[in-house]
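Below is the file start35.pdb, which contains PDB, C-alpha atoms.
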MODEL        1
ATOM      1  CA  MET A   1     128.229  19.063 198.718
ATOM      2  CA  LEU A   2     127.857  22.471 197.070
ATOM      3  CA  ALA A   3     130.738  21.847 194.687
ATOM      4  CA  LYS A   4     129.265  18.474 193.700
ATOM      5  CA  GLY A   5     125.906  20.077 192.913
ATOM      6  CA  LEU A   6     127.491  22.875 190.906
ATOM      7  CA  GLY A   7     129.039  20.320 188.603
ATOM      8  CA  ASN A   8     125.538  19.619 187.263
ATOM      9  CA  CYS A   9     124.732  23.315 186.667
ATOM     10  CA  LEU A  10     126.287  23.515 183.235
ATOM     11  CA  GLY A  11     124.347  26.681 182.356
ATOM     12  CA  LEU A  12     125.427  28.570 185.480
ATOM     13  CA  SER A  13     126.249  32.193 184.654
ATOM     14  CA  GLU A  14     126.660  33.847 188.098
ATOM     15  CA  LEU A  15     128.046  32.554 191.386
ATOM     16  CA  HIS A  16     128.379  34.694 194.518
ATOM     17  CA  LEU A  17     130.187  32.972 197.401
ATOM     18  CA  ASN A  18     131.788  35.937 199.164
ATOM     19  CA  SER A  19     132.389  35.637 202.936
ATOM     20  CA  ASN A  20     131.574  31.924 203.115
ATOM     21  CA  ASN A  21     134.639  30.735 205.030
ATOM     22  CA  ILE A  22     135.851  28.766 202.021
ATOM     23  CA  LYS A  23     139.369  27.453 202.502
ATOM     24  CA  ALA A  24     141.841  25.664 200.230
ATOM     25  CA  PRO A  25     140.149  22.211 200.187
ATOM     26  CA  GLY A  26     136.770  23.750 199.383
ATOM     27  CA  ALA A  27     138.322  25.925 196.682
ATOM     28  CA  THR A  28     139.937  22.861 195.089
ATOM     29  CA  SER A  29     136.598  21.030 194.951
ATOM     30  CA  LEU A  30     134.893  24.162 193.652
ATOM     31  CA  ALA A  31     137.486  24.546 190.908
ATOM     32  CA  LYS A  32     136.819  21.025 189.639
ATOM     33  CA  ALA A  33     133.081  21.699 189.485
ATOM     34  CA  LEU A  34     133.409  25.078 187.784
ATOM     35  CA  ALA A  35     135.614  23.615 185.076
ATOM     36  CA  HIS A  36     132.393  22.358 183.479
ATOM     37  CA  CYS A  37     130.531  25.707 183.727
ATOM     38  CA  GLN A  38     131.576  27.275 180.470
ATOM     39  CA  ASP A  39     128.793  29.894 180.573
ATOM     40  CA  LEU A  40     130.053  31.368 183.862
ATOM     41  CA  SER A  41     130.362  35.143 183.556
ATOM     42  CA  THR A  42     130.432  36.293 187.222
ATOM     43  CA  LEU A  43     132.377  34.778 190.115
ATOM     44  CA  ASP A  44     132.703  36.452 193.516
ATOM     45  CA  LEU A  45     134.904  34.618 196.014
ATOM     46  CA  SER A  46     135.999  37.673 197.981
ATOM     47  CA  TYR A  47     136.674  37.491 201.718
ATOM     48  CA  ASN A  48     137.417  33.778 201.823
ATOM     49  CA  GLU A  49     140.674  32.245 203.063
ATOM     50  CA  LEU A  50     141.472  30.415 199.852
ATOM     51  CA  GLY A  51     145.225  30.680 200.345
ATOM     52  CA  SER A  52     147.831  29.991 197.688
ATOM     53  CA  GLN A  53     146.686  26.422 197.105
ATOM     54  CA  GLY A  54     143.044  27.407 196.663
ATOM     55  CA  ALA A  55     143.916  30.253 194.302
ATOM     56  CA  GLU A  56     146.135  27.979 192.219
ATOM     57  CA  SER A  57     143.386  25.361 191.964
ATOM     58  CA  LEU A  58     140.831  27.950 190.865
ATOM     59  CA  ALA A  59     143.222  29.435 188.324
ATOM     60  CA  GLU A  60     143.532  26.004 186.733
ATOM     61  CA  GLY A  61     139.842  25.094 186.966
ATOM     62  CA  LEU A  62     138.573  28.350 185.469
ATOM     63  CA  ARG A  63     140.708  28.311 182.331
ATOM     64  CA  GLY A  64     137.839  26.902 180.311
ATOM     65  CA  CYS A  65     135.425  29.672 181.397
ATOM     66  CA  ALA A  66     136.040  31.962 178.447
ATOM     67  CA  ARG A  67     132.992  34.150 179.151
ATOM     68  CA  LEU A  68     134.155  35.450 182.534
ATOM     69  CA  GLU A  69     133.400  39.163 182.812
ATOM     70  CA  HIS A  70     133.401  39.755 186.583
ATOM     71  CA  LEU A  71     136.000  38.262 188.927
ATOM     72  CA  ASP A  72     136.377  39.260 192.570
ATOM     73  CA  PHE A  73     139.299  37.737 194.451
ATOM     74  CA  SER A  74     139.543  40.444 197.118
ATOM     75  CA  ASN A  75     140.971  39.402 200.489
ATOM     76  CA  ILE A  76     141.494  35.753 199.605
ATOM     77  CA  HIS A  77     145.011  35.484 201.122
ATOM     78  CA  ALA A  78     146.324  34.278 197.782
ATOM     79  CA  GLY A  79     149.994  34.866 198.451
ATOM     80  CA  THR A  80     152.678  35.212 195.798
ATOM     81  CA  ARG A  81     152.087  31.804 194.206
ATOM     82  CA  GLY A  82     148.333  32.214 194.163
ATOM     83  CA  LEU A  83     148.417  35.661 192.582
ATOM     84  CA  SER A  84     150.913  34.519 189.983
ATOM     85  CA  ALA A  85     148.617  31.620 189.115
ATOM     86  CA  LEU A  86     145.663  34.001 188.823
ATOM     87  CA  GLY A  87     147.778  36.111 186.501
ATOM     88  CA  GLY A  88     148.123  33.070 184.267
ATOM     89  CA  LEU A  89     144.344  32.646 184.306
ATOM     90  CA  LEU A  90     143.730  36.297 183.423
ATOM     91  CA  GLU A  91     145.823  35.960 180.286
ATOM     92  CA  HIS A  92     142.973  33.824 178.936
ATOM     93  CA  CYS A  93     140.049  36.004 180.129
ATOM     94  CA  SER A  94     139.393  38.012 176.983
ATOM     95  CA  ALA A  95     135.887  39.066 178.136
ATOM     96  CA  LEU A  96     136.952  40.347 181.573
ATOM     97  CA  LEU A  97     135.532  43.758 182.545
ATOM     98  CA  HIS A  98     135.627  43.785 186.379
ATOM     99  CA  LEU A  99     138.591  42.678 188.502
ATOM    100  CA  GLY A 100     138.691  42.845 192.310
ATOM    101  CA  LEU A 101     142.027  42.246 194.039
ATOM    102  CA  ARG A 102     141.740  44.480 197.099
ATOM    103  CA  GLY A 103     143.508  43.462 200.257
ATOM    104  CA  ASN A 104     146.179  41.292 198.600
ATOM    105  CA  GLY A 105     148.776  44.067 198.784
ATOM    106  CA  LYS A 106     151.489  42.291 200.747
ATOM    107  CA  HIS A 107     152.394  40.580 197.500
ATOM    108  CA  LEU A 108     152.262  43.653 195.312
ATOM    109  CA  ASP A 109     154.558  42.464 192.518
ATOM    110  CA  SER A 110     152.442  39.366 191.979
ATOM    111  CA  GLN A 111     149.271  41.408 192.230
ATOM    112  CA  MET A 112     150.462  43.790 189.533
ATOM    113  CA  HIS A 113     151.526  40.830 187.426
ATOM    114  CA  ALA A 114     147.928  39.635 187.591
ATOM    115  CA  VAL A 115     146.600  43.019 186.470
ATOM    116  CA  ARG A 116     149.139  43.275 183.678
ATOM    117  CA  ALA A 117     148.307  39.736 182.591
ATOM    118  CA  SER A 118     144.664  40.708 182.181
ATOM    119  CA  ALA A 119     145.765  43.411 179.741
ATOM    120  CA  GLN A 120     147.021  40.743 177.353
ATOM    121  CA  ARG A 121     143.457  39.966 176.275
ATOM    122  CA  ALA A 122     140.940  42.152 178.133
ATOM    123  CA  HIS A 123     140.285  45.838 178.644
ATOM    124  CA  LEU A 124     138.994  46.372 182.166
ATOM    125  CA  MET A 125     136.224  48.784 183.079
ATOM    126  CA  HIS A 126     136.331  48.223 186.875
ATOM    127  CA  LEU A 127     139.540  47.730 188.874
ATOM    128  CA  ASP A 128     139.644  47.441 192.677
ATOM    129  CA  LEU A 129     143.108  47.593 194.263
ATOM    130  CA  ALA A 130     142.076  49.120 197.596
ATOM    131  CA  ARG A 131     144.082  48.245 200.698
ATOM    132  CA  SER A 132     147.072  47.444 198.508
ATOM    133  CA  PRO A 133     150.053  49.390 199.894
ATOM    134  CA  SER A 134     152.054  51.216 197.227
ATOM    135  CA  ALA A 135     149.753  50.024 194.425
ATOM    136  CA  ALA A 136     149.541  53.547 193.021
ATOM    137  CA  ALA A 137     153.311  53.750 192.600
ATOM    138  CA  MET A 138     153.184  50.803 190.175
ATOM    139  CA  PHE A 139     149.840  51.740 188.662
ATOM    140  CA  GLN A 140     151.311  53.553 185.679
ATOM    141  CA  GLN A 141     152.970  50.331 184.555
ATOM    142  CA  VAL A 142     149.677  48.475 184.151
ATOM    143  CA  MET A 143     147.570  51.203 182.595
ATOM    144  CA  ALA A 144     148.811  51.400 179.022
ATOM    145  CA  ASP A 145     146.089  49.025 177.849
ATOM    146  CA  HIS A 146     143.407  49.478 180.516
ATOM    147  CA  ALA A 147     143.295  53.279 180.773
ATOM    148  CA  PRO A 148     141.174  53.983 177.675
ATOM    149  CA  THR A 149     138.319  51.740 178.890
ATOM    150  CA  LEU A 150     138.526  52.065 182.690
ATOM    151  CA  LYS A 151     135.397  53.523 184.331
ATOM    152  CA  HIS A 152     135.814  52.578 188.017
ATOM    153  CA  LEU A 153     139.081  52.689 189.982
ATOM    154  CA  ASP A 154     139.440  52.060 193.710
ATOM    155  CA  LEU A 155     142.810  52.804 195.347
ATOM    156  CA  GLY A 156     141.618  53.604 198.861
ATOM    157  CA  TRP A 157     143.877  52.751 201.813
ATOM    158  CA  ALA A 158     146.828  52.331 199.422
ATOM    159  CA  SER A 159     149.469  54.160 201.523
ATOM    160  CA  MET A 160     149.927  56.572 198.627
ATOM    161  CA  GLY A 161     152.662  59.161 198.888
ATOM    162  CA  PHE A 162     154.128  61.607 196.383
ATOM    163  CA  SER A 163     155.646  58.967 194.088
ATOM    164  CA  GLY A 164     152.346  57.101 193.966
ATOM    165  CA  ALA A 165     150.408  60.301 193.336
ATOM    166  CA  PHE A 166     152.803  61.256 190.533
ATOM    167  CA  ALA A 167     152.466  57.844 188.853
ATOM    168  CA  LEU A 168     148.703  57.844 189.222
ATOM    169  CA  ALA A 169     148.334  61.401 187.940
ATOM    170  CA  THR A 170     150.300  60.489 184.825
ATOM    171  CA  ALA A 171     148.121  57.419 184.254
ATOM    172  CA  LEU A 172     144.928  59.436 184.753
ATOM    173  CA  GLU A 173     145.801  61.577 181.742
ATOM    174  CA  SER A 174     144.689  58.623 179.597
ATOM    175  CA  CYS A 175     141.557  57.730 181.602
ATOM    176  CA  GLY A 176     139.076  59.681 179.539
ATOM    177  CA  LYS A 177     136.163  57.369 180.416
ATOM    178  CA  LEU A 178     136.789  57.163 184.173
ATOM    179  CA  GLU A 179     133.579  57.830 186.124
ATOM    180  CA  HIS A 180     134.387  56.693 189.687
ATOM    181  CA  LEU A 181     137.660  57.338 191.533
ATOM    182  CA  ASN A 182     138.150  56.404 195.173
ATOM    183  CA  LEU A 183     141.405  57.511 196.829
ATOM    184  CA  SER A 184     140.058  57.727 200.384
ATOM    185  CA  HIS A 185     142.263  57.144 203.428
ATOM    186  CA  ASN A 186     145.594  57.882 201.766
ATOM    187  CA  ASP A 187     146.717  60.138 204.579
ATOM    188  CA  GLN A 188     150.382  60.243 203.527
ATOM    189  CA  LEU A 189     149.617  62.716 200.758
ATOM    190  CA  ASN A 190     150.759  66.342 201.002
ATOM    191  CA  ASP A 191     149.960  69.536 199.111
ATOM    192  CA  ASP A 192     152.429  68.800 196.293
ATOM    193  CA  ALA A 193     150.999  65.306 195.831
ATOM    194  CA  VAL A 194     147.386  66.507 195.801
ATOM    195  CA  CYS A 195     148.252  69.297 193.354
ATOM    196  CA  LYS A 196     149.782  66.720 191.027
ATOM    197  CA  LEU A 197     146.707  64.510 191.363
ATOM    198  CA  ALA A 198     144.429  67.470 190.707
ATOM    199  CA  ALA A 199     146.044  67.976 187.315
ATOM    200  CA  GLY A 200     145.471  64.330 186.387
ATOM    201  CA  ILE A 201     141.916  64.320 187.701
ATOM    202  CA  GLY A 202     141.159  67.349 185.561
ATOM    203  CA  ASP A 203     141.834  65.187 182.491
ATOM    204  CA  CYS A 204     139.104  62.729 183.565
ATOM    205  CA  THR A 205     136.328  64.730 181.956
ATOM    206  CA  ALA A 206     133.755  61.926 182.362
ATOM    207  CA  LEU A 207     134.306  61.716 186.136
ATOM    208  CA  ARG A 208     131.083  61.468 188.144
ATOM    209  CA  GLU A 209     132.262  60.467 191.645
ATOM    210  CA  LEU A 210     135.442  61.475 193.474
ATOM    211  CA  TYR A 211     136.247  60.277 196.998
ATOM    212  CA  LEU A 212     139.181  61.943 198.776
ATOM    213  CA  GLY A 213     138.176  61.615 202.415
ATOM    214  CA  SER A 214     141.036  61.399 204.942
ATOM    215  CA  CYS A 215     143.730  62.198 202.382
ATOM    216  CA  ASN A 216     145.491  65.037 204.222
ATOM    217  CA  VAL A 217     144.206  67.536 201.645
ATOM    218  CA  GLN A 218     145.424  70.990 202.675
ATOM    219  CA  PRO A 219     144.520  74.498 201.423
ATOM    220  CA  GLY A 220     146.863  74.455 198.428
ATOM    221  CA  GLY A 221     145.737  71.018 197.339
ATOM    222  CA  CYS A 222     142.086  71.938 197.723
ATOM    223  CA  THR A 223     142.595  75.050 195.602
ATOM    224  CA  ALA A 224     144.233  72.961 192.874
ATOM    225  CA  LEU A 225     141.379  70.454 193.026
ATOM    226  CA  ALA A 226     138.786  73.215 192.815
ATOM    227  CA  GLU A 227     140.407  74.411 189.602
ATOM    228  CA  GLY A 228     140.980  70.975 188.076
ATOM    229  CA  LEU A 229     137.420  69.813 188.671
ATOM    230  CA  LYS A 230     136.065  72.647 186.522
ATOM    231  CA  GLN A 231     136.802  70.358 183.571
ATOM    232  CA  CYS A 232     134.645  67.562 185.018
ATOM    233  CA  ASN A 233     131.198  68.613 183.858
ATOM    234  CA  ALA A 234     129.583  65.299 184.837
ATOM    235  CA  LEU A 235     130.739  65.413 188.483
ATOM    236  CA  THR A 236     127.843  64.547 190.828
ATOM    237  CA  THR A 237     129.646  63.509 194.021
ATOM    238  CA  LEU A 238     132.642  65.031 195.801
ATOM    239  CA  TYR A 239     133.741  63.742 199.212
ATOM    240  CA  LEU A 240     136.490  65.695 200.964
ATOM    241  CA  GLN A 241     135.599  64.901 204.553
ATOM    242  CA  ASP A 242     138.164  64.710 207.365
ATOM    243  CA  ASN A 243     140.892  66.700 205.664
ATOM    244  CA  LYS A 244     142.727  69.952 206.441
ATOM    245  CA  ILE A 245     141.443  72.229 203.705
ATOM    246  CA  GLY A 246     141.008  75.104 206.155
ATOM    247  CA  PRO A 247     139.172  78.357 205.444
ATOM    248  CA  GLY A 248     141.438  79.076 202.447
ATOM    249  CA  GLY A 249     140.748  75.787 200.694
ATOM    250  CA  ALA A 250     137.042  75.994 201.462
ATOM    251  CA  PHE A 251     136.943  79.539 200.063
ATOM    252  CA  SER A 252     138.521  78.439 196.755
ATOM    253  CA  LEU A 253     136.165  75.496 196.512
ATOM    254  CA  ALA A 254     133.141  77.650 197.291
ATOM    255  CA  LEU A 255     133.994  80.043 194.478
ATOM    256  CA  ALA A 256     134.307  77.103 192.075
ATOM    257  CA  LEU A 257     131.059  75.368 193.086
ATOM    258  CA  PRO A 258     128.810  77.124 190.536
ATOM    259  CA  ASN A 259     131.020  75.661 187.787
ATOM    260  CA  TYR A 260     130.089  72.127 188.837
ATOM    261  CA  ALA A 261     126.702  72.123 187.169
ATOM    262  CA  ALA A 262     125.866  68.474 187.979
ATOM    263  CA  LEU A 263     127.172  68.366 191.566
ATOM    264  CA  ALA A 264     124.519  66.837 193.819
ATOM    265  CA  ASN A 265     126.519  65.579 196.835
ATOM    266  CA  LEU A 266     129.258  67.516 198.610
ATOM    267  CA  ASN A 267     130.830  66.360 201.863
ATOM    268  CA  LEU A 268     133.216  68.724 203.678
ATOM    269  CA  SER A 269     132.596  67.391 207.188
ATOM    270  CA  GLY A 270     135.542  67.324 209.545
ATOM    271  CA  ASN A 271     137.288  70.321 207.956
ATOM    272  CA  ASN A 272     137.986  73.558 209.783
ATOM    273  CA  ILE A 273     136.288  75.868 207.267
ATOM    274  CA  ARG A 274     135.176  78.514 209.828
ATOM    275  CA  SER A 275     134.294  81.834 208.126
ATOM    276  CA  SER A 276     134.367  80.324 204.631
ATOM    277  CA  ALA A 277     130.951  78.912 205.455
ATOM    278  CA  THR A 278     129.544  82.322 204.508
ATOM    279  CA  THR A 279     131.143  82.098 201.072
ATOM    280  CA  ILE A 280     129.569  78.677 200.601
ATOM    281  CA  ALA A 281     126.236  80.148 201.688
ATOM    282  CA  SER A 282     126.558  82.944 199.140
ATOM    283  CA  VAL A 283     126.825  80.557 196.159
ATOM    284  CA  LEU A 284     124.189  77.959 197.090
ATOM    285  CA  THR A 285     121.474  79.517 194.951
ATOM    286  CA  ARG A 286     123.821  79.179 191.971
ATOM    287  CA  CYS A 287     124.174  75.421 192.567
ATOM    288  CA  PRO A 288     120.719  74.139 191.549
ATOM    289  CA  ALA A 289     121.774  70.491 191.301
ATOM    290  CA  LEU A 290     123.066  70.345 194.883
ATOM    291  CA  VAL A 291     120.938  67.977 197.006
ATOM    292  CA  HIS A 292     123.167  67.047 199.970
ATOM    293  CA  LEU A 293     125.690  69.324 201.662
ATOM    294  CA  HIS A 294     127.520  67.832 204.656
ATOM    295  CA  LEU A 295     129.259  70.263 207.012
ATOM    296  CA  HIS A 296     129.448  68.348 210.301
ATOM    297  CA  ASN A 297     132.278  69.294 212.673
ATOM    298  CA  CYS A 298     133.499  72.220 210.570
ATOM    299  CA  LYS A 299     133.906  74.696 213.457
ATOM    300  CA  VAL A 300     131.327  77.035 211.969
ATOM    301  CA  LYS A 301     130.339  79.845 214.338
ATOM    302  CA  ALA A 302     126.702  80.551 215.164
ATOM    303  CA  ASP A 303     126.356  83.605 212.923
ATOM    304  CA  HIS A 304     127.923  81.801 209.961
ATOM    305  CA  ARG A 305     125.689  78.810 210.628
ATOM    306  CA  ALA A 306     122.698  81.136 210.513
ATOM    307  CA  ARG A 307     123.828  82.390 207.092
ATOM    308  CA  LEU A 308     124.021  78.828 205.840
ATOM    309  CA  LEU A 309     120.562  77.971 207.137
ATOM    310  CA  GLU A 310     119.110  81.110 205.611
ATOM    311  CA  ALA A 311     120.675  80.317 202.228
ATOM    312  CA  ALA A 312     119.473  76.705 202.374
ATOM    313  CA  VAL A 313     115.860  77.884 202.747
ATOM    314  CA  ALA A 314     116.121  79.418 199.275
ATOM    315  CA  CYS A 315     117.189  76.019 197.856
ATOM    316  CA  PRO A 316     114.138  73.725 198.164
ATOM    317  CA  LYS A 317     115.967  70.576 196.997
ATOM    318  CA  LEU A 318     118.930  71.029 199.342
ATOM    319  CA  SER A 319     119.424  68.971 202.502
ATOM    320  CA  LEU A 320     121.945  70.789 204.701
ATOM    321  CA  HIS A 321     123.684  68.582 207.259
ATOM    322  CA  LEU A 322     125.245  70.600 210.061
TER     323      LEU A 322
ENDMDL
END
Give the structure from this file in structure tokens form.
Amino acid sequence: MLAKGLGNCLGLSELHLNSNNIKAPGATSLAKALAHCQDLSTLDLSYNELGSQGAESLAEGLRGCARLEHLDFSNIHAGTRGLSALGGLLEHCSALLHLGLRGNGKHLDSQMHAVRASAQRAHLMHLDLARSPSAAAMFQQVMADHAPTLKHLDLGWASMGFSGAFALATALESCGKLEHLNLSHNDQLNDDAVCKLAAGIGDCTALRELYLGSCNVQPGGCTALAEGLKQCNALTTLYLQDNKIGPGGAFSLALALPNYAALANLNLSGNNIRSSATTIASVLTRCPALVHLHLHNCKVKADHRARLLEAAVACPKLSLHL
């Protein structure tokens, strides 16, 4: 019924049908209706079980929608055939700015084909490849055209190891407009991998938000990050929760904090920072932009906690979360 009604909405510009239990037959009917909606610019079908057949039908039906700017096909169970078909569609989407493909990582080659296909005509600003195992390792291959325009990149839960970190770091050297980078829950990283990433992140001078929670960041990696982020003058948000930065990493980061003039949100919860809490306390008055500081479960002793609380009193805008 919905698909039949949509066929009469010729001026439709946005359609959000995420998490609606749409399966292949519904997707086929929807594709036929949307073929007439040439003004469609936004389509969100994420978290539906479209399957290969549904994805293929949509890829065919949407070919006439030349104004598509925002497509989200995350977790649609597209399979190899479906993703390949979507790749064919993306070759025609010259206006595309936002592409969501998270959770389709079991068919990584086809997924990357889809991203590379989009580069034939479009220059993406937002790319979501989260929950796509090993996506980072192939990321460098798809970035030659997208890197200069990309502003938002999500590679969380991507099972990233050293090879992936190396490829991503190399690609990041060209991401001068990147503002949001999410690498959370890549717990296979080690110090060498994080150090390599830190160098690439340092080239992203427009970066505003960096999420590295649960990435096995250790003292050496944290020290490299602290140095690399000094180039990111627009940085407002840094999440490093649930890592292993230890007192040494926390100390290096604390010394670097005054260099992050725009930093408003810092999350170090779940790290064993111990005595380095006093170093953090000593620089808080030199971090006037800082609004939220999260230090839950950091094994901070009572006297060091007292130092933090005392320092926070001198920072009226600061909310200290212990």
Output of the PyMOL selection byres ((chain A and resi 306-308) around 10), listed as a compact mmCIF listing (two decimals) with C-alpha atoms, in the frame of the given file:
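Writing done, so here's selection.txt:
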# COMPACT_ATOMS: atom_id res chain seq x y z
CA ALA A 277 130.95 78.91 205.46
CA THR A 278 129.54 82.32 204.51
CA THR A 279 131.14 82.10 201.07
CA ILE A 280 129.57 78.68 200.60
CA ALA A 281 126.24 80.15 201.69
CA SER A 282 126.56 82.94 199.14
CA LEU A 284 124.19 77.96 197.09
CA VAL A 300 131.33 77.04 211.97
CA LYS A 301 130.34 79.84 214.34
CA ALA A 302 126.70 80.55 215.16
CA ASP A 303 126.36 83.60 212.92
CA HIS A 304 127.92 81.80 209.96
CA ARG A 305 125.69 78.81 210.63
CA LEU A 309 120.56 77.97 207.14
CA GLU A 310 119.11 81.11 205.61
CA ALA A 311 120.68 80.32 202.23
CA ALA A 312 119.47 76.70 202.37
CA VAL A 313 115.86 77.88 202.75
CA LEU A 320 121.94 70.79 204.70
CA LEU A 322 125.24 70.60 210.06
*asked:* Please determine, counting only C-alpha atoms, which residue among A:Leu240, A:Leu90, A:Ala314, A:Ala262 has the shortest atom-to-atom distance to Leu62 in chain A.
replied: A:Leu90
_Surrounding residues of Lys151 in chain A excluding itself and chain neighbours under 3 positions, 8 Å, only C-alpha atoms, as number ranges by chain_ = A: 125-126, 175, 177-180
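For the atom pair formed by CA of Leu153 in chain A and CA of His92 in chain A, the distance is 22.2 Å, given to one decimal.
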_Point (150.6, 62.7, 187.4) neighbourhood (12 Å, all atoms listed in the file) written as a VMD selection string_ = chain A and resid 136 to 137 139 to 140 162 to 175 192 to 203
